[in-house]
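Student: My structure is below; once you've seen it, I'll send some questions.
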Amino acid sequence: MSDFIRLPAHTLQPGTVALPGSKSISNRTLLLAALSDNICEIKSLLKSDDTDRMLDALTALGVSLERKGDSLTVQGSGGTFPNKSADLFLGNAGTAFRPLTAVLALLGGDYHLHGVARMHERPIGDLVDALRITGADIDYLGNPGFPPLHIGQWRDKDTRIIPVKGNVSSQFLTALLMALPLSGEAFTIKVVGELISKPYIDITLNLMAKFGVVVENQDYQTFYLPAAARYHAPQTLHVEGDASSASYFLAAGLLAGVPIRVSGLGKNAIQGDVAFAAELEKIGATVVWGDDFIEVSRAPGQKILPFDLDANHIPDAAMTLAIVALAAGAPCSLSNIGSWRVKETDRIAAMANELRKVGATVVEEAEAIHITPPAQLIPDARIDTYDDHRMAMCFSLVSLLGVPVIINDPKCTHKTFPTYFDVFAGLCR
């Protein structure tokens, strides 16, 4: 794939997309399986840059992994890692960096964790502060509050109530939830302030329960972890299709007005981003829910309605709605999206910059974005993607709105969906 891709103005034909596995589920499952006291076969695991970074890290830590076809067998290491010293490069994979930081801090050793330049700009101080309260030895090797990190030996401080801020990244809480059971002690985690991205905590709690550790959740403010917990893996675990990746194709069904079905997740999915389909339904989509699929279309003559949405419950999928706003014919707003600021790029700033290139009027706030679509979109806008997979996939949808669009660095989709542009092209007439 070249340094850019030009997508002509497209129409779509009805079709079905088999989704890649969920990134959030894949990396959590890999880590929990590695820490279990038995063997787990993982099916439909996502193959992407982010999961590759987790697999590389687990291999460096001495975990036995065996791939057969589309399944991966993980030999659990019984709540520890064989290698007590490792240098781990984790790219820009927050779902690998944050949980591994917490797990390695609780296990103790001699570990160096680092990533790409953007990862070293993504805050981790609130997680480190919480881990230090438990007895973790963590040093910043660059700017305080940010990676890279050195992790040394853990010395139990007999503190069993751990506060953590909830308004920066839910991955901090996820990391603590997954790591603290390794101590064998009972802990209480107190969330300070509002917890953002609650559905991602639901994924964490759901998977921990499947691995034998049940956490009591009191209104997403207090979490009680039991003593003497240990991870025991299910014999086989199937990874759901990625609900955030589904958002682009579901939105395509609304924008193009033809039935587009995604398979690999359905009405019983554990990922919060499936709620994206319900938000599309509110603004004009026809949605069909199955056990293993979701299908979106739009009835003839049905307009796409403007929206003003608190998107805290679908933070990643909400980016796709910023493109849908271009077809709404009136101003639209997305609020409570402060977590966008600390993702692969500052997504509020990036989205505002690139929407203006296609002619939209955009007002950017600290935790919100307001989008007024233009009377006519600007053709052949050259969209910068900021090494952010979701920027590239979102702006591909502009080609369904009657104008061609140019996407710079389309390879950035390898983070979660390496074949995205091929799959997208397969739906086009």
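In the structure tokens, chains take letters A, B, ... by order of appearance, with residues numbered from 1 within each chain and ligands from 1 in the order shown.
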Give me the range 49-113 of chain A side of the contact with range 178-181 of chain A, cut-off 10 Å, one line per residue showing its nearest atom pair and distance in Å at one decimal, counting only C-alpha atoms, sorted by chain and residue number, as a Markdown table.
Tutor:
```
| residue | atom | partner | partner_atom | distance |
| --- | --- | --- | --- | --- |
| A:Gly79 | CA | A:Pro181 | CA | 8.9 |
| A:Pro99 | CA | A:Met178 | CA | 7.1 |
| A:Leu100 | CA | A:Ala179 | CA | 8.4 |
| A:Thr101 | CA | A:Ala179 | CA | 9.0 |
| A:Ala102 | CA | A:Ala179 | CA | 5.7 |
| A:Val103 | CA | A:Ala179 | CA | 4.6 |
| A:Leu104 | CA | A:Ala179 | CA | 8.2 |
| A:Ala105 | CA | A:Ala179 | CA | 8.5 |
| A:Leu106 | CA | A:Ala179 | CA | 6.6 |
| A:Leu107 | CA | A:Ala179 | CA | 8.7 |
```
Student: Store the residues of this selection in a file with N, CA and C atoms, as a PDB file, in the first residue's frame.
Tutor:
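This went into again.pdb:
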```pdb
ATOM      1  N   GLY A  79       0.177 -17.363  37.578  1.00  0.00           N
ATOM      2  CA  GLY A  79       0.165 -16.126  38.353  1.00  0.00           C
ATOM      3  C   GLY A  79       1.495 -15.425  38.461  1.00  0.00           C
ATOM      4  N   PRO A  99      -2.006  -2.498  31.261  1.00  0.00           N
ATOM      5  CA  PRO A  99      -2.131  -3.700  32.093  1.00  0.00           C
ATOM      6  C   PRO A  99      -0.796  -4.369  32.413  1.00  0.00           C
ATOM      7  N   LEU A 100       0.132  -4.403  31.459  1.00  0.00           N
ATOM      8  CA  LEU A 100       1.431  -5.001  31.742  1.00  0.00           C
ATOM      9  C   LEU A 100       2.196  -4.204  32.795  1.00  0.00           C
ATOM     10  N   THR A 101       2.069  -2.882  32.758  1.00  0.00           N
ATOM     11  CA  THR A 101       2.696  -2.067  33.796  1.00  0.00           C
ATOM     12  C   THR A 101       2.231  -2.508  35.186  1.00  0.00           C
ATOM     13  N   ALA A 102       0.917  -2.660  35.337  1.00  0.00           N
ATOM     14  CA  ALA A 102       0.366  -3.022  36.640  1.00  0.00           C
ATOM     15  C   ALA A 102       0.749  -4.442  37.041  1.00  0.00           C
ATOM     16  N   VAL A 103       0.635  -5.383  36.113  1.00  0.00           N
ATOM     17  CA  VAL A 103       0.949  -6.776  36.424  1.00  0.00           C
ATOM     18  C   VAL A 103       2.415  -6.934  36.805  1.00  0.00           C
ATOM     19  N   LEU A 104       3.315  -6.354  36.021  1.00  0.00           N
ATOM     20  CA  LEU A 104       4.740  -6.481  36.312  1.00  0.00           C
ATOM     21  C   LEU A 104       5.108  -5.768  37.610  1.00  0.00           C
ATOM     22  N   ALA A 105       4.425  -4.650  37.899  1.00  0.00           N
ATOM     23  CA  ALA A 105       4.691  -3.929  39.143  1.00  0.00           C
ATOM     24  C   ALA A 105       4.320  -4.778  40.354  1.00  0.00           C
ATOM     25  N   LEU A 106       3.192  -5.529  40.272  1.00  0.00           N
ATOM     26  CA  LEU A 106       2.767  -6.381  41.385  1.00  0.00           C
ATOM     27  C   LEU A 106       3.633  -7.625  41.511  1.00  0.00           C
ATOM     28  N   LEU A 107       4.124  -8.135  40.392  1.00  0.00           N
ATOM     29  CA  LEU A 107       4.974  -9.323  40.436  1.00  0.00           C
ATOM     30  C   LEU A 107       6.409  -8.971  40.819  1.00  0.00           C
TER      31      LEU A 107
END
```
Student: Counting only C-alpha atoms, what is within 9 Å of range 262-264 of chain A, bar same-chain residues fewer than 2 positions away, as a PyMOL selection string?
Tutor: chain A and resi 15-21+239-242+246+249-250+260+266+291-296
Student: Print the selection's residues with C-alpha atoms to a file, as a PDB file, in the first residue's frame.
Tutor:
```
ATOM      1  CA  GLY A  15     -22.936  -7.115   1.807  1.00  0.00           C
ATOM      2  CA  THR A  16     -21.625  -8.866   4.899  1.00  0.00           C
ATOM      3  CA  VAL A  17     -18.340  -8.142   6.662  1.00  0.00           C
ATOM      4  CA  ALA A  18     -16.664 -10.759   8.867  1.00  0.00           C
ATOM      5  CA  LEU A  19     -15.146  -8.665  11.627  1.00  0.00           C
ATOM      6  CA  PRO A  20     -11.639  -9.099  13.008  1.00  0.00           C
ATOM      7  CA  GLY A  21     -11.477 -10.011  16.685  1.00  0.00           C
ATOM      8  CA  VAL A 239     -12.957 -13.590  20.843  1.00  0.00           C
ATOM      9  CA  GLU A 240     -15.902 -11.486  19.685  1.00  0.00           C
ATOM     10  CA  GLY A 241     -15.662  -9.417  16.536  1.00  0.00           C
ATOM     11  CA  ASP A 242     -14.444  -5.878  17.177  1.00  0.00           C
ATOM     12  CA  ALA A 246     -17.980  -2.644  13.138  1.00  0.00           C
ATOM     13  CA  PHE A 249     -19.548  -0.624   8.192  1.00  0.00           C
ATOM     14  CA  LEU A 250     -22.722  -0.016  10.198  1.00  0.00           C
ATOM     15  CA  ILE A 260     -24.688  -3.840   5.445  1.00  0.00           C
ATOM     16  CA  GLY A 266     -24.584  -9.562  18.009  1.00  0.00           C
ATOM     17  CA  ASP A 291     -27.171 -13.606  17.820  1.00  0.00           C
ATOM     18  CA  ASP A 292     -24.047 -13.306  15.674  1.00  0.00           C
ATOM     19  CA  PHE A 293     -24.711 -10.290  13.458  1.00  0.00           C
ATOM     20  CA  ILE A 294     -25.904  -6.689  13.319  1.00  0.00           C
ATOM     21  CA  GLU A 295     -27.332  -5.233  10.098  1.00  0.00           C
ATOM     22  CA  VAL A 296     -27.923  -1.570   9.299  1.00  0.00           C
TER      23      VAL A 296
END
```
Student: As a PDB file with C-alpha atoms, in the first residue's frame, which residues of range 242-402 of chain A does DSSP assign to strand (DSSP E or B)?
Tutor:
```
ATOM      1  CA  ILE A 260     -24.688  -3.840   5.445  1.00  0.00           C
ATOM      2  CA  ARG A 261     -24.271  -6.695   7.912  1.00  0.00           C
ATOM      3  CA  VAL A 262     -21.347  -7.333  10.257  1.00  0.00           C
ATOM      4  CA  SER A 263     -20.836 -10.846  11.596  1.00  0.00           C
ATOM      5  CA  THR A 286     -33.002   0.519  10.378  1.00  0.00           C
ATOM      6  CA  VAL A 287     -31.175  -1.987  12.611  1.00  0.00           C
ATOM      7  CA  VAL A 288     -31.589  -5.762  12.745  1.00  0.00           C
ATOM      8  CA  TRP A 289     -29.984  -7.595  15.683  1.00  0.00           C
ATOM      9  CA  PHE A 293     -24.711 -10.290  13.458  1.00  0.00           C
ATOM     10  CA  ILE A 294     -25.904  -6.689  13.319  1.00  0.00           C
ATOM     11  CA  GLU A 295     -27.332  -5.233  10.098  1.00  0.00           C
ATOM     12  CA  VAL A 296     -27.923  -1.570   9.299  1.00  0.00           C
ATOM     13  CA  SER A 297     -29.761   0.028   6.392  1.00  0.00           C
ATOM     14  CA  ASP A 308     -26.461  15.980  20.267  1.00  0.00           C
ATOM     15  CA  LEU A 309     -24.947  12.996  22.030  1.00  0.00           C
ATOM     16  CA  ASP A 310     -23.176  12.369  25.319  1.00  0.00           C
ATOM     17  CA  CYS A 332     -24.336  17.986  15.473  1.00  0.00           C
ATOM     18  CA  SER A 333     -22.487  17.644  18.787  1.00  0.00           C
ATOM     19  CA  LEU A 334     -20.520  14.946  20.594  1.00  0.00           C
ATOM     20  CA  SER A 335     -19.803  15.605  24.270  1.00  0.00           C
ATOM     21  CA  THR A 361     -17.391  24.249  10.406  1.00  0.00           C
ATOM     22  CA  VAL A 362     -16.057  22.804  13.649  1.00  0.00           C
ATOM     23  CA  VAL A 363     -15.966  24.145  17.192  1.00  0.00           C
ATOM     24  CA  GLU A 364     -13.581  22.273  19.463  1.00  0.00           C
ATOM     25  CA  ALA A 368     -16.644  18.091  23.096  1.00  0.00           C
ATOM     26  CA  ILE A 369     -16.813  18.750  19.383  1.00  0.00           C
ATOM     27  CA  HIS A 370     -19.529  20.596  17.441  1.00  0.00           C
ATOM     28  CA  ILE A 371     -19.826  19.973  13.702  1.00  0.00           C
ATOM     29  CA  THR A 372     -21.805  21.956  11.139  1.00  0.00           C
ATOM     30  CA  ALA A 381      -9.475  16.561   0.512  1.00  0.00           C
ATOM     31  CA  ARG A 382      -6.164  15.071   1.660  1.00  0.00           C
ATOM     32  CA  ILE A 383      -6.756  13.661   5.131  1.00  0.00           C
TER      33      ILE A 383
END
```
Student: What gap, in Å, lies between CA of Asp37 in chain A and CA of Pro199 in chain A?
Tutor: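 For CA of Asp37 in chain A relative to CA of Pro199 in chain A, the distance reads 27.6 Å.
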Student: So what do you get for CA of Asp49 in chain A versus CA of Lys415 in chain A, distance-wise?
Tutor: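 Going from CA of Asp49 in chain A over to CA of Lys415 in chain A covers 4.5 Å.
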Student: Out of A:Pro410, A:Pro144, A:Gly426, A:Gly338, which residue has the shortest atom-to-atom distance to Met391 in chain A when counting only C-alpha atoms?
Tutor: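 Nearest to Met391 in chain A: A:Pro410.
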Student: Near range 158-172 of chain A, within 10 Å and counting only C-alpha atoms, which residues show up once chain neighbours fewer than 4 positions away are dropped, as a PyMOL selection string?
Tutor: chain A and resi 94-99+101-102+122-135+176-177+180+185-201+204+220-225+338-343
Student: Show me, as a ChimeraX atom specification, the residues that have an atom within 9 Å of Ala34 in chain A when counting only C-alpha atoms, minus same-chain residues fewer than 2 positions from it.
Tutor: /A:29-32,36-40,58,63-65,74-81
Student: A:Ala350, A:Leu326, A:Ala318, A:Phe421: which is nearest Gln376 in chain A, counting only C-alpha atoms?
Tutor: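 Of all the options, A:Leu326 lies closest to Gln376 in chain A.
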Student: So the first atom is CA of Pro379 in chain A and the second is CA of Val405 in chain A; what is the distance between them in Å, to one decimal place?
Tutor: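 So the two atoms, CA of Pro379 in chain A and CA of Val405 in chain A, lie 6.3 Å apart.
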Student: Go through A:Ile337, A:Leu400, A:Ala330, A:Ala317 one by one, measure the shortest atom-to-atom distance of each to Leu254 in chain A using only C-alpha atoms, and give the residue with the smallest value.
Tutor: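 Residue with the minimum atom-to-atom distance to Leu254 in chain A: A:Leu400.
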Student: Could you go through range 117-340 of chain A and tell me which residues DSSP, when run on the backbone, assigns to alpha helix (DSSP H), listing them as a PyMOL selection string?
Tutor: chain A and resi 125-134+170-179+198-210+243-256+275-282+318-324
Student: Hey, which of A:Ala285, A:Met393, A:Ile407, A:Ala117 ends up closest to Asp316 in chain A? Count only C-alpha atoms.
Tutor: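 Among A:Ala285, A:Met393, A:Ile407, A:Ala117, it is A:Met393 that comes nearest to Asp316 in chain A.
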